$ cat input.csv   # CSV, C-alpha atoms
chain,number,residue,atom,x,y,z
O,1,LEU,CA,141.1,84.3,28.7
O,2,ASP,CA,143.8,84.6,26.1
O,3,HIS,CA,141.4,83.1,23.5
O,4,ASP,CA,138.2,84.6,24.7
O,5,GLN,CA,138.3,87.8,26.8
O,6,ASN,CA,134.6,87.7,27.3
O,7,ASN,CA,134.3,84.2,28.8
O,8,GLY,CA,132.1,85.0,31.9
O,9,ILE,CA,132.8,81.7,33.6
O,10,ALA,CA,136.6,82.1,33.3
O,11,LEU,CA,136.4,85.7,34.4
O,12,ALA,CA,134.3,84.7,37.5
O,13,ASN,CA,136.7,81.9,38.4
O,14,LEU,CA,139.7,84.2,38.0
O,15,ALA,CA,138.0,86.7,40.3
O,16,THR,CA,137.5,84.0,42.9
O,17,ILE,CA,141.2,83.0,42.7
O,18,GLU,CA,142.3,86.6,42.9
O,19,MET,CA,140.1,87.2,46.0
O,20,GLN,CA,141.7,84.2,47.7
O,21,GLN,CA,145.1,85.7,46.9
O,22,GLY,CA,144.1,89.1,48.4
O,23,LYS,CA,144.1,90.8,45.0
O,24,LEU,CA,140.8,92.6,45.5
O,25,ALA,CA,141.2,95.3,42.8
O,26,ALA,CA,141.9,92.7,40.2
O,27,ALA,CA,139.1,90.5,41.4
O,28,GLU,CA,136.7,93.4,41.2
O,29,LYS,CA,137.7,94.1,37.6
O,30,HIS,CA,137.2,90.5,36.6
O,31,ILE,CA,133.9,89.9,38.4
O,32,THR,CA,132.5,93.2,37.0
O,33,ALA,CA,133.5,91.9,33.5
O,34,ALA,CA,131.8,88.6,34.2
O,35,LEU,CA,128.6,90.3,35.4
O,36,ALA,CA,128.6,92.4,32.2
O,37,GLN,CA,128.4,89.1,30.3
O,38,THR,CA,125.8,87.5,32.6
O,39,PRO,CA,124.3,90.0,35.0
O,40,ASN,CA,121.8,87.6,36.5
O,41,ASP,CA,124.2,84.8,37.3
O,42,ALA,CA,123.9,83.8,41.0
O,43,TYR,CA,127.5,82.7,41.3
O,44,ASN,CA,128.8,86.0,39.8
O,45,LEU,CA,126.6,88.0,42.1
O,46,SER,CA,127.6,86.0,45.2
O,47,THR,CA,131.2,86.4,44.3
O,48,LEU,CA,130.7,90.2,44.0
O,49,GLY,CA,128.9,90.1,47.3
O,50,TYR,CA,131.7,88.3,49.0
O,51,LEU,CA,134.2,90.7,47.4
O,52,LYS,CA,132.3,93.7,48.7
O,53,PHE,CA,132.1,92.1,52.1
O,54,ARG,CA,135.9,91.7,52.1
O,55,GLU,CA,136.2,95.4,51.2
O,56,GLU,CA,133.9,96.2,54.1
O,57,LYS,CA,131.3,97.7,51.8
O,58,TYR,CA,128.4,95.9,53.5
O,59,ASP,CA,125.5,97.7,51.8
O,60,ASP,CA,127.0,96.7,48.4
O,61,ALA,CA,127.6,93.2,49.7
O,62,LEU,CA,124.0,92.9,50.8
O,63,GLN,CA,122.6,94.2,47.5
O,64,ALA,CA,124.6,91.7,45.5
O,65,LEU,CA,124.0,88.8,47.8
O,66,SER,CA,120.2,89.5,48.0
O,67,ARG,CA,120.1,89.5,44.2
O,68,ALA,CA,122.0,86.2,44.2
O,69,GLU,CA,119.6,84.7,46.7
O,70,GLN,CA,116.6,85.7,44.6
O,71,ILE,CA,118.1,83.9,41.6
O,72,ASP,CA,119.3,80.8,43.6
O,73,PRO,CA,117.2,80.6,46.8
O,74,ASN,CA,118.4,77.1,47.6
O,75,ASN,CA,122.2,77.8,47.9
O,76,PRO,CA,123.5,77.4,51.4
O,77,GLU,CA,126.7,79.3,50.6
O,78,ILE,CA,124.8,82.4,49.5
O,79,GLU,CA,122.6,82.2,52.6
O,80,ASN,CA,125.8,81.9,54.8
O,81,TYR,CA,127.4,85.0,53.1
O,82,LEU,CA,124.2,86.9,53.4
O,83,GLY,CA,124.0,86.0,57.1
O,84,VAL,CA,127.5,87.2,57.8
O,85,ALA,CA,127.0,90.4,55.9
O,86,LEU,CA,123.7,91.1,57.8
O,87,SER,CA,125.5,90.4,61.0
O,88,HIS,CA,128.1,93.0,60.2
O,89,GLN,CA,125.3,95.5,59.6
O,90,GLY,CA,124.0,94.8,63.1
O,91,GLN,CA,120.9,92.9,61.8
O,92,ARG,CA,121.3,90.0,64.1
O,93,LYS,CA,117.8,88.5,63.7
O,94,ALA,CA,118.0,88.6,59.9
O,95,ALA,CA,121.5,87.2,60.0
O,96,GLU,CA,120.3,84.4,62.2
O,97,THR,CA,117.5,83.7,59.8
O,98,ALA,CA,119.8,83.5,56.8
O,99,LEU,CA,122.3,81.2,58.6
O,100,ARG,CA,119.5,78.9,59.8
O,101,ARG,CA,118.2,78.8,56.2
O,102,ALA,CA,121.7,77.7,55.1
O,103,ILE,CA,121.6,74.9,57.6
O,104,GLN,CA,118.1,74.0,56.6
O,105,LEU,CA,119.4,73.6,53.0
O,106,ASN,CA,122.4,71.7,54.0
O,107,PRO,CA,122.5,70.4,57.7
O,108,ALA,CA,126.2,69.7,57.4
O,109,TYR,CA,127.2,73.1,56.1
O,110,ALA,CA,130.0,73.8,58.7
O,111,PRO,CA,130.5,77.6,58.0
O,112,ALA,CA,126.9,78.4,58.8
O,113,HIS,CA,127.0,76.4,62.1
O,114,ASN,CA,130.3,78.2,63.0
O,115,ASN,CA,128.8,81.6,62.2
O,116,LEU,CA,125.6,80.9,64.2
O,117,ALA,CA,127.9,79.9,67.2
O,118,VAL,CA,129.5,83.3,66.9
O,119,ILE,CA,126.2,85.1,66.8
O,120,TYR,CA,124.7,83.2,69.7
O,121,LEU,CA,127.9,83.7,71.8
O,122,SER,CA,128.1,87.4,71.0
O,123,GLN,CA,124.6,88.4,71.8
O,124,ASN,CA,123.5,89.8,75.1
O,125,PRO,CA,122.8,87.7,77.0
O,126,PRO,CA,124.9,85.0,75.3
O,127,LEU,CA,123.3,81.7,74.4
O,128,ALA,CA,126.4,79.7,75.3
O,129,GLU,CA,124.9,76.2,75.1
O,130,LEU,CA,123.3,76.9,71.8
O,131,ALA,CA,126.6,78.4,70.5
O,132,ARG,CA,128.5,75.3,71.8
O,133,TRP,CA,126.0,73.0,70.0
O,134,HIS,CA,126.4,74.8,66.7
O,135,TYR,CA,130.2,75.0,67.1
O,136,GLN,CA,130.3,71.3,67.8
O,137,LYS,CA,128.2,70.7,64.6
O,138,ALA,CA,130.6,72.8,62.7
O,139,LEU,CA,133.6,70.7,64.0
O,140,ASP,CA,131.8,67.5,63.2
O,141,SER,CA,131.2,68.7,59.7
O,142,GLY,CA,134.9,69.5,59.1
O,143,GLN,CA,135.3,73.1,60.3
O,144,PRO,CA,138.8,73.7,61.7
O,145,ARG,CA,139.0,74.4,65.4
O,146,ASN,CA,139.0,78.0,66.6
O,147,PRO,CA,140.9,78.4,69.8
O,148,ASP,CA,139.6,81.9,70.4
O,149,LEU,CA,136.0,80.8,70.1
O,150,GLU,CA,136.6,77.7,72.2
O,151,LYS,CA,138.1,80.0,75.0
O,152,MET,CA,135.0,82.2,74.8
O,153,LEU,CA,132.8,79.2,75.1
O,154,ALA,CA,134.7,77.8,78.1
O,155,ASP,CA,134.6,81.3,79.7
O,156,LYS,CA,130.8,81.2,79.4
O,157,GLY,CA,130.6,77.7,80.9
O,158,ALA,CA,130.0,75.8,77.7
O,159,PRO,CA,133.3,74.1,76.9
O,160,VAL,CA,133.6,72.1,73.7
O,161,ASN,CA,134.4,68.4,73.7
O,162,GLN,CA,138.1,67.8,72.8

$ encode --input "input.csv" --output "structure tokens"
Amino acid sequence: LDHDQNNGIALANLATIEMQQGKLAAAEKHITAALAQTPNDAYNLSTLGYLKFREEKYDDALQALSRAEQIDPNNPEIENYLGVALSHQGQRKAAETALRRAIQLNPAYAPAHNNLAVIYLSQNPPLAELARWHYQKALDSGQPRNPDLEKMLADKGAPVNQ
């Protein structure tokens, strides 16, 4: 950025790093600048959507992620973020659809399996066996173990294989 303050790729990558470090205000400044350069870039829009999700601005997150999905409909990461944002808005069915789409695009996409497990376990009545199956798929695909989720599964009679 020292040589080119308008490098959209560098700005977007910087925003991603800043988000990982919890520097959300700086990330917003840089992703906004990146979007000024390339307003229809799916990566930039999904980064903005994830940032807005982290800020608990779910309507803004859904708007950015929906635009990203229109541009890149075959991106499982975008579908996963969209599913999580929809879930936080109470749109369980739409969230499930987006997460299933992420898995359809990449059957080994662990975060979407994990998020589906949470959705299935938290609905009323819970679908514990389906939640267990998706959580096991997430583990098999490299997702770190979640002791809290495993306890909830065991409490519902669907313990995970150790």

$ residues_around --input "input.csv" --residues "Ala98 of chain O" --least-positions-apart "3" --cutoff "8 Å" --atoms "only C-alpha atoms" --output "PDB file with C-alpha atoms, keeping the file's coordinate frame"
ATOM      1  CA  GLU O  79     122.600  82.200  52.600  1.00  0.00           C
ATOM      2  CA  ASN O  80     125.800  81.900  54.800  1.00  0.00           C
ATOM      3  CA  LEU O  82     124.200  86.900  53.400  1.00  0.00           C
ATOM      4  CA  GLY O  83     124.000  86.000  57.100  1.00  0.00           C
ATOM      5  CA  ALA O  94     118.000  88.600  59.900  1.00  0.00           C
ATOM      6  CA  ALA O  95     121.500  87.200  60.000  1.00  0.00           C
ATOM      7  CA  ARG O 101     118.200  78.800  56.200  1.00  0.00           C
ATOM      8  CA  ALA O 102     121.700  77.700  55.100  1.00  0.00           C
TER       9      ALA O 102
END

$ atom_distance --input "input.csv" --atom1 "atom CA of Ala26 of chain O" --atom2 "atom CA of Gln89 of chain O"
25.7 Å

$ atom_distance --input "input.csv" --atom1 "atom CA of Leu45 of chain O" --atom2 "atom CA of Thr97 of chain O"
20.4 Å

$ closest_residue --input "input.csv" --among "O:Val118, O:Leu130, O:Ala85, O:Ala42" --to "Asp60 of chain O" --atoms "only C-alpha atoms"
O:Ala85

$ closest_residue --input "input.csv" --among "O:Ala10, O:Val84, O:Ala138, O:Leu153" --to "Pro107 of chain O" --atoms "only C-alpha atoms"
O:Ala138

$ closest_residue --input "input.csv" --among "O:Leu65, O:Pro73, O:Pro111, O:Tyr58" --to "His88 of chain O" --atoms "all atoms listed in the file"
O:Tyr58

$ residues_near_point --input "input.csv" --point "(123.6, 93.7, 40.3)" --cutoff "8 Å" --atoms "only C-alpha atoms" --output "ChimeraX atom specification"
/O:35,39-40,45,63-64,67

$ write_last_selection --input "input.csv" --atoms "C-alpha atoms" --output "CSV table (one decimal), keeping the file's coordinate frame"
chain,number,residue,atom,x,y,z
O,35,LEU,CA,128.6,90.3,35.4
O,39,PRO,CA,124.3,90.0,35.0
O,40,ASN,CA,121.8,87.6,36.5
O,45,LEU,CA,126.6,88.0,42.1
O,63,GLN,CA,122.6,94.2,47.5
O,64,ALA,CA,124.6,91.7,45.5
O,67,ARG,CA,120.1,89.5,44.2

$ closest_residue --input "input.csv" --among "O:Ala15, O:Ile103, O:Ala108, O:Ala154" --to "Leu121 of chain O" --atoms "all atoms listed in the file"
O:Ala154

$ residues_around --input "input.csv" --residues "Gly8 of chain O" --least-positions-apart "2" --cutoff "7 Å" --atoms "only C-alpha atoms" --output "PDB file with C-alpha atoms, keeping the file's coordinate frame"
ATOM      1  CA  ASN O   6     134.600  87.700  27.300  1.00  0.00           C
ATOM      2  CA  ALA O  10     136.600  82.100  33.300  1.00  0.00           C
ATOM      3  CA  LEU O  11     136.400  85.700  34.400  1.00  0.00           C
ATOM      4  CA  ALA O  12     134.300  84.700  37.500  1.00  0.00           C
ATOM      5  CA  ALA O  34     131.800  88.600  34.200  1.00  0.00           C
ATOM      6  CA  GLN O  37     128.400  89.100  30.300  1.00  0.00           C
ATOM      7  CA  THR O  38     125.800  87.500  32.600  1.00  0.00           C
TER       8      THR O  38
END

$ decode --input "input.csv" --residues "segment 2-25 of chain O" --atoms "C-alpha atoms" --output "JSON list (two decimals), in the first residue's frame"
[["chain", "number", "residue", "atom", "x", "y", "z"],
["O", 2, "ASP", "CA", 2.98, 2.32, 0.42],
["O", 3, "HIS", "CA", 3.39, 2.28, -3.37],
["O", 4, "ASP", "CA", -0.27, 2.13, -4.41],
["O", 5, "GLN", "CA", -2.92, 3.33, -1.94],
["O", 6, "ASN", "CA", -5.66, 2.23, -4.35],
["O", 7, "ASN", "CA", -4.66, -1.41, -4.70],
["O", 8, "GLY", "CA", -8.02, -3.10, -4.12],
["O", 9, "ILE", "CA", -6.56, -6.57, -3.59],
["O", 10, "ALA", "CA", -4.08, -5.32, -1.00],
["O", 11, "LEU", "CA", -6.79, -3.30, 0.76],
["O", 12, "ALA", "CA", -9.13, -6.30, 0.93],
["O", 13, "ASN", "CA", -6.39, -8.59, 2.23],
["O", 14, "LEU", "CA", -5.39, -5.99, 4.82],
["O", 15, "ALA", "CA", -9.03, -5.76, 5.92],
["O", 16, "THR", "CA", -9.16, -9.54, 6.32],
["O", 17, "ILE", "CA", -6.03, -9.55, 8.48],
["O", 18, "GLU", "CA", -7.35, -6.67, 10.57],
["O", 19, "MET", "CA", -10.61, -8.54, 11.13],
["O", 20, "GLN", "CA", -8.66, -11.58, 12.33],
["O", 21, "GLN", "CA", -6.85, -9.29, 14.78],
["O", 22, "GLY", "CA", -10.12, -7.81, 16.02],
["O", 23, "LYS", "CA", -9.41, -4.37, 14.51],
["O", 24, "LEU", "CA", -12.88, -3.97, 13.07],
["O", 25, "ALA", "CA", -12.83, -0.19, 12.53]]
